[in-house]
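Scroll down for the structure; my scribbles are underneath it.
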Amino acid sequence: MSDTPEIIALVGSYRKGGMNDQIVDAILAGARERGARIRKIYLSDREISFCSNCRSCTQREGRERGICVIDDGMEKLLQEAEHANGLILASPVTAVMKRFIERLIGYTWWPWGAAAPSIMARLGGSAKALAELKGAARLLGAAVSGVLWVGLAARSEHQQIGRRAVQKAHRLGADLVGHS
């Protein structure tokens, strides 16, 4: 196993080359300059089925993640995320990111008879996107080391990220390697 940290970005945007991509690229550039191996994974390129709510994956008490009975690309994706030294979750509010987050339920213990999973920060349809992403990071065992919010920015079809946002993204990527 290499001592070189690996940073993985999970991108929930459908628009390759858009705002999220530009920010993720800047974060990854900062990480790469600090010596990290980097990868960007588009959730839209992976097979992630809807949760069937069978709750089979939530019946294991303890810290070990339950295994989903659905045979799709989610298990491999979770293994990749779990083995990374740093994780970037980037997304506007999209169905593919919500589907991914919904499938993180296997990180909880939800025995039959309990009203809710054993996590305090429950992820639901009414939660804000940032809270959902932070909750997803925590479920994956990651600590939130920084946030870059580029909201209400896409006002034209081919808009570019501003210099200050790119600089902050670059710093976040470098800091991510420092925290891994």
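Order determines the names: the first chain of the structure tokens is A, the second B, and so forth; residues in each chain are numbered 1 upward, and ligands are numbered 1 upward as they are shown.
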Which residues of stretch 4-111 of chain A come within 7 Å of stretch 165-179 of chain A, and for each one, what is the closest pair of atoms and their distance in Å to one decimal, counting only C-alpha atoms, sorted by chain and residue number, as JSON lines?
{"residue": "A:Pro5", "atom": "CA", "partner": "A:Val177", "partner_atom": "CA", "distance": 6.9}
{"residue": "A:Ile23", "atom": "CA", "partner": "A:Ala169", "partner_atom": "CA", "distance": 6.1}
{"residue": "A:Ala26", "atom": "CA", "partner": "A:His170", "partner_atom": "CA", "distance": 5.0}
{"residue": "A:Ile27", "atom": "CA", "partner": "A:Gly173", "partner_atom": "CA", "distance": 4.1}
{"residue": "A:Leu28", "atom": "CA", "partner": "A:Gly173", "partner_atom": "CA", "distance": 5.6}
{"residue": "A:Ala29", "atom": "CA", "partner": "A:His170", "partner_atom": "CA", "distance": 6.4}
{"residue": "A:Gly30", "atom": "CA", "partner": "A:Gly173", "partner_atom": "CA", "distance": 4.4}
{"residue": "A:Ala31", "atom": "CA", "partner": "A:Gly173", "partner_atom": "CA", "distance": 4.5}
{"residue": "A:Arg34", "atom": "CA", "partner": "A:Ala174", "partner_atom": "CA", "distance": 6.0}
{"residue": "A:Ala36", "atom": "CA", "partner": "A:Val177", "partner_atom": "CA", "distance": 6.7}
{"residue": "A:Gly86", "atom": "CA", "partner": "A:Leu176", "partner_atom": "CA", "distance": 6.4}
Residues from the last selection, C-alpha atoms, saved as a PDB file, in the first residue's frame:
ATOM      1  CA  PRO A   5      -2.741   9.928   0.061  1.00  0.00           C
ATOM      2  CA  ILE A  23     -14.644  23.867  -8.239  1.00  0.00           C
ATOM      3  CA  ALA A  26      -9.505  23.420  -8.304  1.00  0.00           C
ATOM      4  CA  ILE A  27      -9.760  21.427  -5.069  1.00  0.00           C
ATOM      5  CA  LEU A  28      -8.145  18.408  -6.691  1.00  0.00           C
ATOM      6  CA  ALA A  29      -5.369  20.601  -8.131  1.00  0.00           C
ATOM      7  CA  GLY A  30      -4.525  21.788  -4.623  1.00  0.00           C
ATOM      8  CA  ALA A  31      -4.464  18.184  -3.392  1.00  0.00           C
ATOM      9  CA  ARG A  34       0.554  18.459  -2.153  1.00  0.00           C
ATOM     10  CA  ALA A  36      -1.963  13.275  -3.442  1.00  0.00           C
ATOM     11  CA  GLY A  86      -9.850  12.341   1.694  1.00  0.00           C
TER      12      GLY A  86
END
Open item on the list: Give me, as an MDAnalysis selection string, all polymer residues having an atom no more than 12 Å from A:Arg15, counting only C-alpha atoms and skipping those fewer than 2 positions away in the same chain.
Closed with: chainID A and resid 11:13 17:22 42:45 91:92 94 154 157:158
For the residues in that selection, give me C-alpha atoms as a PDB file, in the first residue's frame.
ATOM      1  CA  VAL A  11     -19.619  14.638  -8.137  1.00  0.00           C
ATOM      2  CA  GLY A  12     -23.400  14.622  -8.203  1.00  0.00           C
ATOM      3  CA  SER A  13     -23.833  17.185 -10.969  1.00  0.00           C
ATOM      4  CA  GLY A  17     -17.527  20.993 -17.189  1.00  0.00           C
ATOM      5  CA  GLY A  18     -20.021  23.112 -15.254  1.00  0.00           C
ATOM      6  CA  MET A  19     -19.711  25.002 -11.987  1.00  0.00           C
ATOM      7  CA  ASN A  20     -19.259  21.964  -9.739  1.00  0.00           C
ATOM      8  CA  ASP A  21     -16.631  20.490 -12.041  1.00  0.00           C
ATOM      9  CA  GLN A  22     -14.644  23.708 -12.034  1.00  0.00           C
ATOM     10  CA  TYR A  42     -19.305  11.222 -11.514  1.00  0.00           C
ATOM     11  CA  LEU A  43     -22.230   9.599  -9.729  1.00  0.00           C
ATOM     12  CA  SER A  44     -24.197   9.821 -12.980  1.00  0.00           C
ATOM     13  CA  ASP A  45     -21.654   7.434 -14.565  1.00  0.00           C
ATOM     14  CA  SER A  91     -23.309  18.549  -5.936  1.00  0.00           C
ATOM     15  CA  PRO A  92     -26.211  20.827  -6.515  1.00  0.00           C
ATOM     16  CA  THR A  94     -29.768  16.437  -7.827  1.00  0.00           C
ATOM     17  CA  ALA A 154     -25.066  29.642 -12.546  1.00  0.00           C
ATOM     18  CA  GLU A 157     -25.016  28.482 -19.678  1.00  0.00           C
ATOM     19  CA  HIS A 158     -21.193  28.622 -19.715  1.00  0.00           C
TER      20      HIS A 158
END
Open item on the list: For a quick check of understanding, using only C-alpha atoms, which of A:Ala131, A:Ala115, A:Ala142, A:Ala136 has the smallest distance to A:Ile7?
Closed with: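 Of A:Ala131, A:Ala115, A:Ala142, A:Ala136, the one nearest A:Ile7 is A:Ala142, counting only C-alpha atoms.
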Task: Interatomic distance (Å, one decimal) between atom CA of A:Arg32 and atom CA of A:Thr4 - done: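 We find that atom CA of A:Arg32 and atom CA of A:Thr4 lie 10.3 Å from each other.
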Open item on the list: Please compute the atom CA of A:Pro111-atom CA of A:Asn53 distance, one decimal, in Å.
Closed with: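 Atom CA of A:Asn53 lies 12.8 Å from atom CA of A:Pro111.
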- [ ] Could you please write out, as a list in words, every residue of stretch 38-109 of chain A that DSSP assigns to strand (DSSP E or B)?
- [x]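 So, restricting stretch 38-109 of chain A to strand (DSSP E or B), we get Ile38, Arg39, Lys40, Ile41, Tyr42, Gly86, Leu87, Ile88, Leu89 and Ala90 of chain A.
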- [ ] Please provide the set of residues having any atom within 9 Å of A:Ser56, restricted to only C-alpha atoms, with same-chain residues fewer than 6 positions apart removed, written as a ChimeraX atom specification.
- [x] /A:66-69,106
Task: Counting only C-alpha atoms, the residue of A:Trp110, A:Ile41, A:Arg164, A:Ala9 that sits nearest A:Cys54 - done: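 Smallest separation from A:Cys54 among the options: A:Trp110.
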TODO: Enumerate the residues of chain A with a DSSP assignment of helix (DSSP H, G or I), computed from the backbone, and present them as a ChimeraX atom specification.
DONE: /A:19-33,43-45,56-58,74-83,95-107,129-139,163-179
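Distances to A:Leu139 were evaluated for A:Arg65, A:Gly113, A:Gly162, A:Leu77 using only C-alpha atoms, and the minimum falls at A:Arg65.
Across A:Ile8, A:Glu47, A:Glu61, A:Tyr14, the tightest approach to A:Trp112 is made by A:Glu61 when counting only C-alpha atoms.
Pairwise distance (atom CA of A:Leu148, atom CA of A:Leu87) equals 14.0 Å.
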Open item on the list: Under the rule that only C-alpha atoms are counted, which of A:Val96, A:Ala137, A:Gln79, A:Gly35 is the nearest residue to A:Phe50?
Closed with: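 Nearest candidate to A:Phe50 out of A:Val96, A:Ala137, A:Gln79, A:Gly35: A:Val96.
Restricting the calculation to only C-alpha atoms, the smallest distance between A:Leu89 and any of A:Asp3, A:Glu75, A:Glu132, A:Glu33 is found for A:Glu132.
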